[in-house]
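Visitor: Questions regarding the structure given below will be posed in turn.
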Amino acid sequence: MILITGSNGMVGSYFKEEFQDEELLLTDIDTLDIRNYGKVFSTISNLKPKFVINLAAETDVDKCETEIDHAFHTNVIGTSNVALACQANDIIMVHISTAGVFDGEKHDSYTEFDAPNPQNIYGKTKFEADKVVMQTLKRYYIFRPGWMIGGKEKDKKFVAKIIKLIQKGQTNLNVVNDKFGSPTYAKELVRGIKEIIKTGYFGLYHMTNKGTCSRYEVAQEIVNFLKKDVKITPISSAAYPLPALRVRSEAMRNYKLDLLGLNNMSNWQDALHDYLSSWIGSC
Ligand SMILES: NC(=O)c1ccc[n+]([C@@H]2O[C@H](COP(=O)([O-])OP(=O)(O)OC[C@H]3O[C@@H](n4cnc5c(N)ncnc54)[C@H](OP(=O)(O)O)[C@@H]3O)[C@@H](O)[C@H]2O)c1
């Protein structure tokens with residue numbers, strides 16, 4: 001049996017489909033709040049799952065910036081609670097990190113061998129959580145996705161925001177062209193996690209779709225897919241100040257998976273089309 005925390009979000013929405021042959025215990029904040037050490041410890045100790053996959057996190061980057069205690073409590077203490085319970089029961093933990101741990105100054109894609117240097121609270125909490133997992137456990141997997149795409153009605157991120165604006169009838173959109181990243185289709189991420197956790201090759205892996213792009217390019221690709229007459233105008237992020245700093249580049253490559261011959265992620269445009277077909281295509 002595999003226990004999953006935070007399963008009611010974007011990534012969690014693909015587990016039933018991708019882990020059909022496994023018995024899953026899908027929990028969320030109402031059934032297993034990872035901030036509650038007693039509950040986390042007793043649940044893991046009683047069930048003794050084969051893996052605990054920790055998806056639970058506060059992922060709203062701007063909320064993390066304004067509710068700092070909440071961000072550290074959820075993302076660091078919560079992760080620590082899960083890691084300690086896994087340690088006490090000798091259970092393999094699977095944890096999800098983020099491209100947001102890097103400072104964005106690198107002009108090439110970040111690999112697993114680049115040092116994190118987070119620039120906002122979300123990134124700091126996620127980096128602290130990575131360290132907690134690495135220091136607490138010998139047997140762990142940490143997967144680092146980039147810009148998450150997926151989740152359909154649970155999608156709270158960039159792709160859903162653009163689609164909603166277009167569906168509302170907007171025909172002119174201003175989108176920043178000075179922030180870069182590596183889109184990561186949650187469905188492929190979950191499929192990749194399933195493959196890697198079978199190997200026993202513990203450690204940290206970047207797992208994004210192939211290629212990097214700007215937000216502007218993602219929006220343009222969405223418009224092309226929808227075949228809508230929508231004009232996307234590239235603008236500077238200076239025009240859109242937000243509570244949390246967005247670094248220049250969150251571009252990553254799956255260097256370790258490449259070296260191991262295990263990188264099965266598609267390129268970002270194919271992944272985005274697959275997602276849009278599965279969602280908009282079915283509406
Ligand atoms: N989404 C992204 O852009 C992105 C990018 C890179 C990495 N990641 C990482 O990927 C992992 C999965 O995130 P996601 O994309 O699926 O985000 P998501 O859609 O926000 O899902 C996170 C889930 O965690 C739940 N949660 C929050 N606090 C919790 C708590 N204390 N106890 C238990 N559950 C709690 C949330 O419930 P509520 O909705 O009720 O709060 C939500 O269902 C996270 O580690 C995240 O940091 C995400």
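Residues are named by chain letter and number: chains run A, B, ... in the order of the structure tokens, numbers start at 1 in each chain, and ligands are numbered from 1 in the order shown.
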Write out as a VMD selection string the residues lying within 8 Å of Val11 of chain A, counting only C-alpha atoms and excluding same-chain residues fewer than 5 positions away.

Guide: chain A and resid 55 150 to 151 186 to 187 189 to 190

Visitor: Please list as a VMD selection string every residue within 12 Å of Ile44 of chain A, counting only C-alpha atoms and excluding residues in the same chain fewer than 2 positions away.

Guide: chain A and resid 1 to 5 25 27 32 34 37 to 42 46 to 53 81 to 93

Visitor: Need to verify the contact set: Glu65 of chain A, 10 Å, only C-alpha atoms, exclusion of same-chain residues closer than 3 positions in sequence. Can you return it as a ChimeraX atom specification?

Guide: /A:60-62,68-71,120-123,242-245

Visitor: Emit the selected residues as a PDB file, in the first residue's frame, including N, CA and C atoms.

Guide:
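The resulting file, out11.pdb, is reproduced below:
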```pdb
ATOM      1  N   ASP A  60       0.884  28.212  -2.949  1.00  0.00           N
ATOM      2  CA  ASP A  60       0.575  29.573  -3.386  1.00  0.00           C
ATOM      3  C   ASP A  60       1.755  30.470  -3.002  1.00  0.00           C
ATOM      4  N   VAL A  61       2.542  30.801  -4.007  1.00  0.00           N
ATOM      5  CA  VAL A  61       3.812  31.496  -3.782  1.00  0.00           C
ATOM      6  C   VAL A  61       3.598  32.865  -3.118  1.00  0.00           C
ATOM      7  N   ASP A  62       2.557  33.571  -3.514  1.00  0.00           N
ATOM      8  CA  ASP A  62       2.305  34.897  -2.922  1.00  0.00           C
ATOM      9  C   ASP A  62       1.769  34.774  -1.494  1.00  0.00           C
ATOM     10  N   ILE A  68       4.070  33.915   6.376  1.00  0.00           N
ATOM     11  CA  ILE A  68       5.359  33.215   6.458  1.00  0.00           C
ATOM     12  C   ILE A  68       5.311  32.036   7.436  1.00  0.00           C
ATOM     13  N   ASP A  69       4.694  32.239   8.604  1.00  0.00           N
ATOM     14  CA  ASP A  69       4.626  31.141   9.588  1.00  0.00           C
ATOM     15  C   ASP A  69       3.843  29.963   9.008  1.00  0.00           C
ATOM     16  N   HIS A  70       2.754  30.280   8.343  1.00  0.00           N
ATOM     17  CA  HIS A  70       1.947  29.223   7.719  1.00  0.00           C
ATOM     18  C   HIS A  70       2.790  28.451   6.695  1.00  0.00           C
ATOM     19  N   ALA A  71       3.578  29.184   5.912  1.00  0.00           N
ATOM     20  CA  ALA A  71       4.393  28.542   4.873  1.00  0.00           C
ATOM     21  C   ALA A  71       5.427  27.607   5.489  1.00  0.00           C
ATOM     22  N   ASN A 120      12.653  33.564  -2.591  1.00  0.00           N
ATOM     23  CA  ASN A 120      11.382  33.958  -1.959  1.00  0.00           C
ATOM     24  C   ASN A 120      11.046  32.935  -0.867  1.00  0.00           C
ATOM     25  N   ILE A 121      10.004  33.226  -0.106  1.00  0.00           N
ATOM     26  CA  ILE A 121       9.683  32.377   1.058  1.00  0.00           C
ATOM     27  C   ILE A 121       9.301  30.963   0.615  1.00  0.00           C
ATOM     28  N   TYR A 122       8.505  30.855  -0.423  1.00  0.00           N
ATOM     29  CA  TYR A 122       8.129  29.519  -0.905  1.00  0.00           C
ATOM     30  C   TYR A 122       9.392  28.698  -1.211  1.00  0.00           C
ATOM     31  N   GLY A 123      10.303  29.293  -1.974  1.00  0.00           N
ATOM     32  CA  GLY A 123      11.543  28.590  -2.326  1.00  0.00           C
ATOM     33  C   GLY A 123      12.344  28.219  -1.086  1.00  0.00           C
ATOM     34  N   LEU A 242       4.328  41.557  -7.928  1.00  0.00           N
ATOM     35  CA  LEU A 242       3.592  40.573  -7.115  1.00  0.00           C
ATOM     36  C   LEU A 242       4.263  40.481  -5.748  1.00  0.00           C
ATOM     37  N   PRO A 243       3.546  39.989  -4.728  1.00  0.00           N
ATOM     38  CA  PRO A 243       4.168  39.915  -3.387  1.00  0.00           C
ATOM     39  C   PRO A 243       5.483  39.127  -3.379  1.00  0.00           C
ATOM     40  N   ALA A 244       5.511  37.986  -4.066  1.00  0.00           N
ATOM     41  CA  ALA A 244       6.729  37.157  -4.053  1.00  0.00           C
ATOM     42  C   ALA A 244       7.556  37.415  -5.304  1.00  0.00           C
ATOM     43  N   LEU A 245       8.853  37.536  -5.116  1.00  0.00           N
ATOM     44  CA  LEU A 245       9.765  37.707  -6.250  1.00  0.00           C
ATOM     45  C   LEU A 245       9.738  36.459  -7.142  1.00  0.00           C
TER      46      LEU A 245
END
```

Visitor: Just the residues within 12 Å of Val133 of chain A, please, counting only C-alpha atoms, with nothing from its chain fewer than 6 positions along; format it as an NGL selection string.

Guide: :A and (54 or 75-87 or 92-97 or 126-127 or 139-143 or 202-204)

Visitor: Could you make a table, as JSON lines, of the residues of chain A that have an atom within 6 Å of an atom of ligand 1, each with its nearest atom pair and distance in Å to one decimal, counting only C-alpha atoms and all ligand atoms, in chain and number order?

Guide:
```
{"residue": "A:Thr5", "atom": "CA", "partner": "ligand 1", "partner_atom_place_in_ligand_line": "33 (C)", "distance": 5.8}
{"residue": "A:Gly6", "atom": "CA", "partner": "ligand 1", "partner_atom_place_in_ligand_line": "24 (O)", "distance": 3.6}
{"residue": "A:Ser7", "atom": "CA", "partner": "ligand 1", "partner_atom_place_in_ligand_line": "43 (O)", "distance": 5.6}
{"residue": "A:Asn8", "atom": "CA", "partner": "ligand 1", "partner_atom_place_in_ligand_line": "43 (O)", "distance": 3.9}
{"residue": "A:Gly9", "atom": "CA", "partner": "ligand 1", "partner_atom_place_in_ligand_line": "19 (O)", "distance": 3.2}
{"residue": "A:Met10", "atom": "CA", "partner": "ligand 1", "partner_atom_place_in_ligand_line": "16 (O)", "distance": 3.8}
{"residue": "A:Val11", "atom": "CA", "partner": "ligand 1", "partner_atom_place_in_ligand_line": "16 (O)", "distance": 3.8}
{"residue": "A:Gly12", "atom": "CA", "partner": "ligand 1", "partner_atom_place_in_ligand_line": "16 (O)", "distance": 5.5}
{"residue": "A:Asp28", "atom": "CA", "partner": "ligand 1", "partner_atom_place_in_ligand_line": "34 (N)", "distance": 4.7}
{"residue": "A:Ile29", "atom": "CA", "partner": "ligand 1", "partner_atom_place_in_ligand_line": "33 (C)", "distance": 3.6}
{"residue": "A:Leu32", "atom": "CA", "partner": "ligand 1", "partner_atom_place_in_ligand_line": "33 (C)", "distance": 5.7}
{"residue": "A:Asp33", "atom": "CA", "partner": "ligand 1", "partner_atom_place_in_ligand_line": "32 (N)", "distance": 3.5}
{"residue": "A:Ile34", "atom": "CA", "partner": "ligand 1", "partner_atom_place_in_ligand_line": "32 (N)", "distance": 4.1}
{"residue": "A:Arg35", "atom": "CA", "partner": "ligand 1", "partner_atom_place_in_ligand_line": "31 (N)", "distance": 5.2}
{"residue": "A:Leu55", "atom": "CA", "partner": "ligand 1", "partner_atom_place_in_ligand_line": "12 (C)", "distance": 4.3}
{"residue": "A:Ala56", "atom": "CA", "partner": "ligand 1", "partner_atom_place_in_ligand_line": "24 (O)", "distance": 3.5}
{"residue": "A:Ala57", "atom": "CA", "partner": "ligand 1", "partner_atom_place_in_ligand_line": "27 (C)", "distance": 4.6}
{"residue": "A:Glu58", "atom": "CA", "partner": "ligand 1", "partner_atom_place_in_ligand_line": "27 (C)", "distance": 5.0}
{"residue": "A:Thr59", "atom": "CA", "partner": "ligand 1", "partner_atom_place_in_ligand_line": "20 (O)", "distance": 4.8}
{"residue": "A:Thr74", "atom": "CA", "partner": "ligand 1", "partner_atom_place_in_ligand_line": "31 (N)", "distance": 5.0}
{"residue": "A:Ile96", "atom": "CA", "partner": "ligand 1", "partner_atom_place_in_ligand_line": "45 (O)", "distance": 4.4}
{"residue": "A:Ser97", "atom": "CA", "partner": "ligand 1", "partner_atom_place_in_ligand_line": "7 (C)", "distance": 5.4}
{"residue": "A:Thr98", "atom": "CA", "partner": "ligand 1", "partner_atom_place_in_ligand_line": "7 (C)", "distance": 4.1}
{"residue": "A:Pro145", "atom": "CA", "partner": "ligand 1", "partner_atom_place_in_ligand_line": "6 (C)", "distance": 4.9}
{"residue": "A:Gly146", "atom": "CA", "partner": "ligand 1", "partner_atom_place_in_ligand_line": "6 (C)", "distance": 5.1}
{"residue": "A:Trp147", "atom": "CA", "partner": "ligand 1", "partner_atom_place_in_ligand_line": "3 (O)", "distance": 5.2}
{"residue": "A:Met148", "atom": "CA", "partner": "ligand 1", "partner_atom_place_in_ligand_line": "3 (O)", "distance": 4.2}
```

Visitor: For the alpha helix (DSSP H) assignment from backbone DSSP, which residues of segment 54-125 of chain A qualify? Please present them as a PyMOL selection string.

Guide: chain A and resi 61-66+68-72+78-89+121-125

Visitor: Write a file of the selected residues as an mmCIF file, in the first residue's frame, keeping C-alpha atoms.

Guide:
```cif
data_model
loop_
_atom_site.group_PDB
_atom_site.id
_atom_site.type_symbol
_atom_site.label_atom_id
_atom_site.label_comp_id
_atom_site.auth_asym_id
_atom_site.auth_seq_id
_atom_site.Cartn_x
_atom_site.Cartn_y
_atom_site.Cartn_z
ATOM 1 C CA VAL A 61 3.812 31.496 -3.782
ATOM 2 C CA ASP A 62 2.305 34.897 -2.922
ATOM 3 C CA LYS A 63 0.462 33.515 0.118
ATOM 4 C CA CYS A 64 3.770 32.084 1.371
ATOM 5 C CA GLU A 65 5.302 35.549 1.118
ATOM 6 C CA THR A 66 2.587 37.158 3.239
ATOM 7 C CA ILE A 68 5.359 33.215 6.458
ATOM 8 C CA ASP A 69 4.626 31.141 9.588
ATOM 9 C CA HIS A 70 1.947 29.223 7.719
ATOM 10 C CA ALA A 71 4.393 28.542 4.873
ATOM 11 C CA PHE A 72 7.159 27.228 7.161
ATOM 12 C CA GLY A 78 4.828 19.212 7.879
ATOM 13 C CA THR A 79 7.520 17.571 5.749
ATOM 14 C CA SER A 80 9.648 16.981 8.822
ATOM 15 C CA ASN A 81 6.711 15.230 10.520
ATOM 16 C CA VAL A 82 6.333 12.884 7.556
ATOM 17 C CA ALA A 83 10.089 12.250 7.334
ATOM 18 C CA LEU A 84 10.391 11.466 11.073
ATOM 19 C CA ALA A 85 7.471 9.038 10.934
ATOM 20 C CA CYS A 86 9.057 7.340 7.895
ATOM 21 C CA GLN A 87 12.393 7.157 9.697
ATOM 22 C CA ALA A 88 10.849 5.563 12.806
ATOM 23 C CA ASN A 89 9.097 2.944 10.662
ATOM 24 C CA ILE A 121 9.683 32.377 1.058
ATOM 25 C CA TYR A 122 8.129 29.519 -0.905
ATOM 26 C CA GLY A 123 11.543 28.590 -2.326
ATOM 27 C CA LYS A 124 13.141 28.851 1.121
ATOM 28 C CA THR A 125 10.546 26.589 2.725
#
```

Visitor: Hey, what's within 6 Å of Gly181 of chain A if we count only C-alpha atoms and toss same-chain stuff fewer than 4 positions away? As a PyMOL selection string, please?

Guide: chain A and resi 212-213+249-251

Visitor: Restricting the output to C-alpha atoms, write the selected residues as a PDB file, in the first residue's frame.

Guide:
```pdb
ATOM      1  CA  THR A 212      12.515  25.681 -21.648  1.00  0.00           C
ATOM      2  CA  CYS A 213      10.329  28.632 -22.540  1.00  0.00           C
ATOM      3  CA  SER A 249      14.947  31.567 -14.759  1.00  0.00           C
ATOM      4  CA  GLU A 250      13.557  28.353 -13.282  1.00  0.00           C
ATOM      5  CA  ALA A 251      14.748  26.364 -16.285  1.00  0.00           C
TER       6      ALA A 251
END
```

Visitor: Can you tell me which residues surround Gly211 of chain A at a distance of at most 10 Å, considering only C-alpha atoms, apart from same-chain residues fewer than 6 positions away, and format the answer as a PDB file with N, CA and C atoms, in the first residue's frame?

Guide:
```pdb
ATOM      1  N   SER A 109      20.310  25.610 -18.121  1.00  0.00           N
ATOM      2  CA  SER A 109      19.308  24.959 -17.262  1.00  0.00           C
ATOM      3  C   SER A 109      19.953  24.421 -15.983  1.00  0.00           C
ATOM      4  N   GLY A 181      11.187  29.064 -17.716  1.00  0.00           N
ATOM      5  CA  GLY A 181      11.052  27.863 -16.899  1.00  0.00           C
ATOM      6  C   GLY A 181      10.897  26.626 -17.756  1.00  0.00           C
ATOM      7  N   SER A 182      10.700  25.503 -17.090  1.00  0.00           N
ATOM      8  CA  SER A 182      10.514  24.216 -17.766  1.00  0.00           C
ATOM      9  C   SER A 182       9.155  23.669 -17.352  1.00  0.00           C
ATOM     10  N   PRO A 183       8.168  23.729 -18.253  1.00  0.00           N
ATOM     11  CA  PRO A 183       6.858  23.177 -17.899  1.00  0.00           C
ATOM     12  C   PRO A 183       6.970  21.695 -17.521  1.00  0.00           C
ATOM     13  N   ALA A 251      14.531  27.420 -15.287  1.00  0.00           N
ATOM     14  CA  ALA A 251      14.748  26.364 -16.285  1.00  0.00           C
ATOM     15  C   ALA A 251      15.595  25.243 -15.687  1.00  0.00           C
ATOM     16  N   MET A 252      15.145  24.026 -15.882  1.00  0.00           N
ATOM     17  CA  MET A 252      15.883  22.874 -15.347  1.00  0.00           C
ATOM     18  C   MET A 252      16.002  21.812 -16.430  1.00  0.00           C
ATOM     19  N   ARG A 253      16.965  20.940 -16.249  1.00  0.00           N
ATOM     20  CA  ARG A 253      17.024  19.735 -17.089  1.00  0.00           C
ATOM     21  C   ARG A 253      17.160  18.509 -16.200  1.00  0.00           C
ATOM     22  N   SER A 266       8.346  13.881 -22.184  1.00  0.00           N
ATOM     23  CA  SER A 266       8.186  14.399 -23.548  1.00  0.00           C
ATOM     24  C   SER A 266       8.595  15.874 -23.585  1.00  0.00           C
ATOM     25  N   ASN A 267       8.592  16.466 -24.799  1.00  0.00           N
ATOM     26  CA  ASN A 267       8.908  17.903 -24.823  1.00  0.00           C
ATOM     27  C   ASN A 267       7.683  18.694 -24.360  1.00  0.00           C
ATOM     28  N   TRP A 268       7.924  19.931 -23.927  1.00  0.00           N
ATOM     29  CA  TRP A 268       6.869  20.668 -23.223  1.00  0.00           C
ATOM     30  C   TRP A 268       5.677  20.972 -24.120  1.00  0.00           C
ATOM     31  N   GLN A 269       5.930  21.196 -25.417  1.00  0.00           N
ATOM     32  CA  GLN A 269       4.791  21.506 -26.299  1.00  0.00           C
ATOM     33  C   GLN A 269       3.871  20.292 -26.429  1.00  0.00           C
TER      34      GLN A 269
END
```

Visitor: By how many Å are atom CA of Lys194 of chain A and atom CA of Thr208 of chain A apart?

Guide: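 Separating atom CA of Lys194 of chain A from atom CA of Thr208 of chain A is a distance of 14.7 Å.
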
Visitor: To one decimal place, how far is atom CA of Gln119 of chain A from atom CA of Ile162 of chain A in Å?

Guide: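 These two atoms are separated by 25.6 Å.
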
Visitor: Taking the DSSP assignment computed from this structure's backbone, write out as a ChimeraX atom specification all residues of segment 106-250 of chain A that belong to strand (DSSP E or B).

Guide: /A:110,140-144,147-149,172-176,180-181,183-185,203-206,210,213-214,231-235,249-250

Visitor: Have a look at atom CA of Lys210 of chain A and atom CA of Leu272 of chain A and let me know their distance in Å, one decimal.

Guide: 11.5 Å

Visitor: Between A:Lys106, A:Leu165, A:Pro116, A:Leu262, single out the one closest to Lys198 of chain A, counting only C-alpha atoms.

Guide: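 Closest residue, counting only C-alpha atoms: A:Leu262.
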
Visitor: Find the spatial neighbours of segment 258-260 of chain A, counting only C-alpha atoms, within a cut-off of 12 Å - ignore same-chain residues fewer than 5 positions away - and output them as JSON, numbers by chain.

Guide: {"A": [111, 112, 196, 199, 201, 205, 206, 207, 208, 210, 253, 265]}

Visitor: Write out the residues from the selection above, keeping C-alpha atoms, as a compact mmCIF listing (two decimals), in the first residue's frame.

Guide:
```
# COMPACT_ATOMS: atom_id res chain seq x y z
CA THR A 111 20.84 20.45 -12.85
CA GLU A 112 20.76 18.44 -9.63
CA ILE A 196 11.84 5.69 -10.64
CA THR A 199 14.49 1.20 -9.16
CA TYR A 201 18.05 4.29 -6.98
CA TYR A 205 15.96 14.00 -9.44
CA HIS A 206 14.91 16.89 -11.60
CA MET A 207 11.80 15.86 -13.50
CA THR A 208 10.45 18.34 -16.04
CA LYS A 210 12.07 18.71 -22.16
CA ARG A 253 17.02 19.74 -17.09
CA MET A 265 9.59 12.96 -20.32
```

Visitor: Looking at A:Ile232, A:Ile280, A:Ala271, A:Leu26, which one is nearest to Asn174 of chain A, with distances taken over only C-alpha atoms?

Guide: A:Ile232
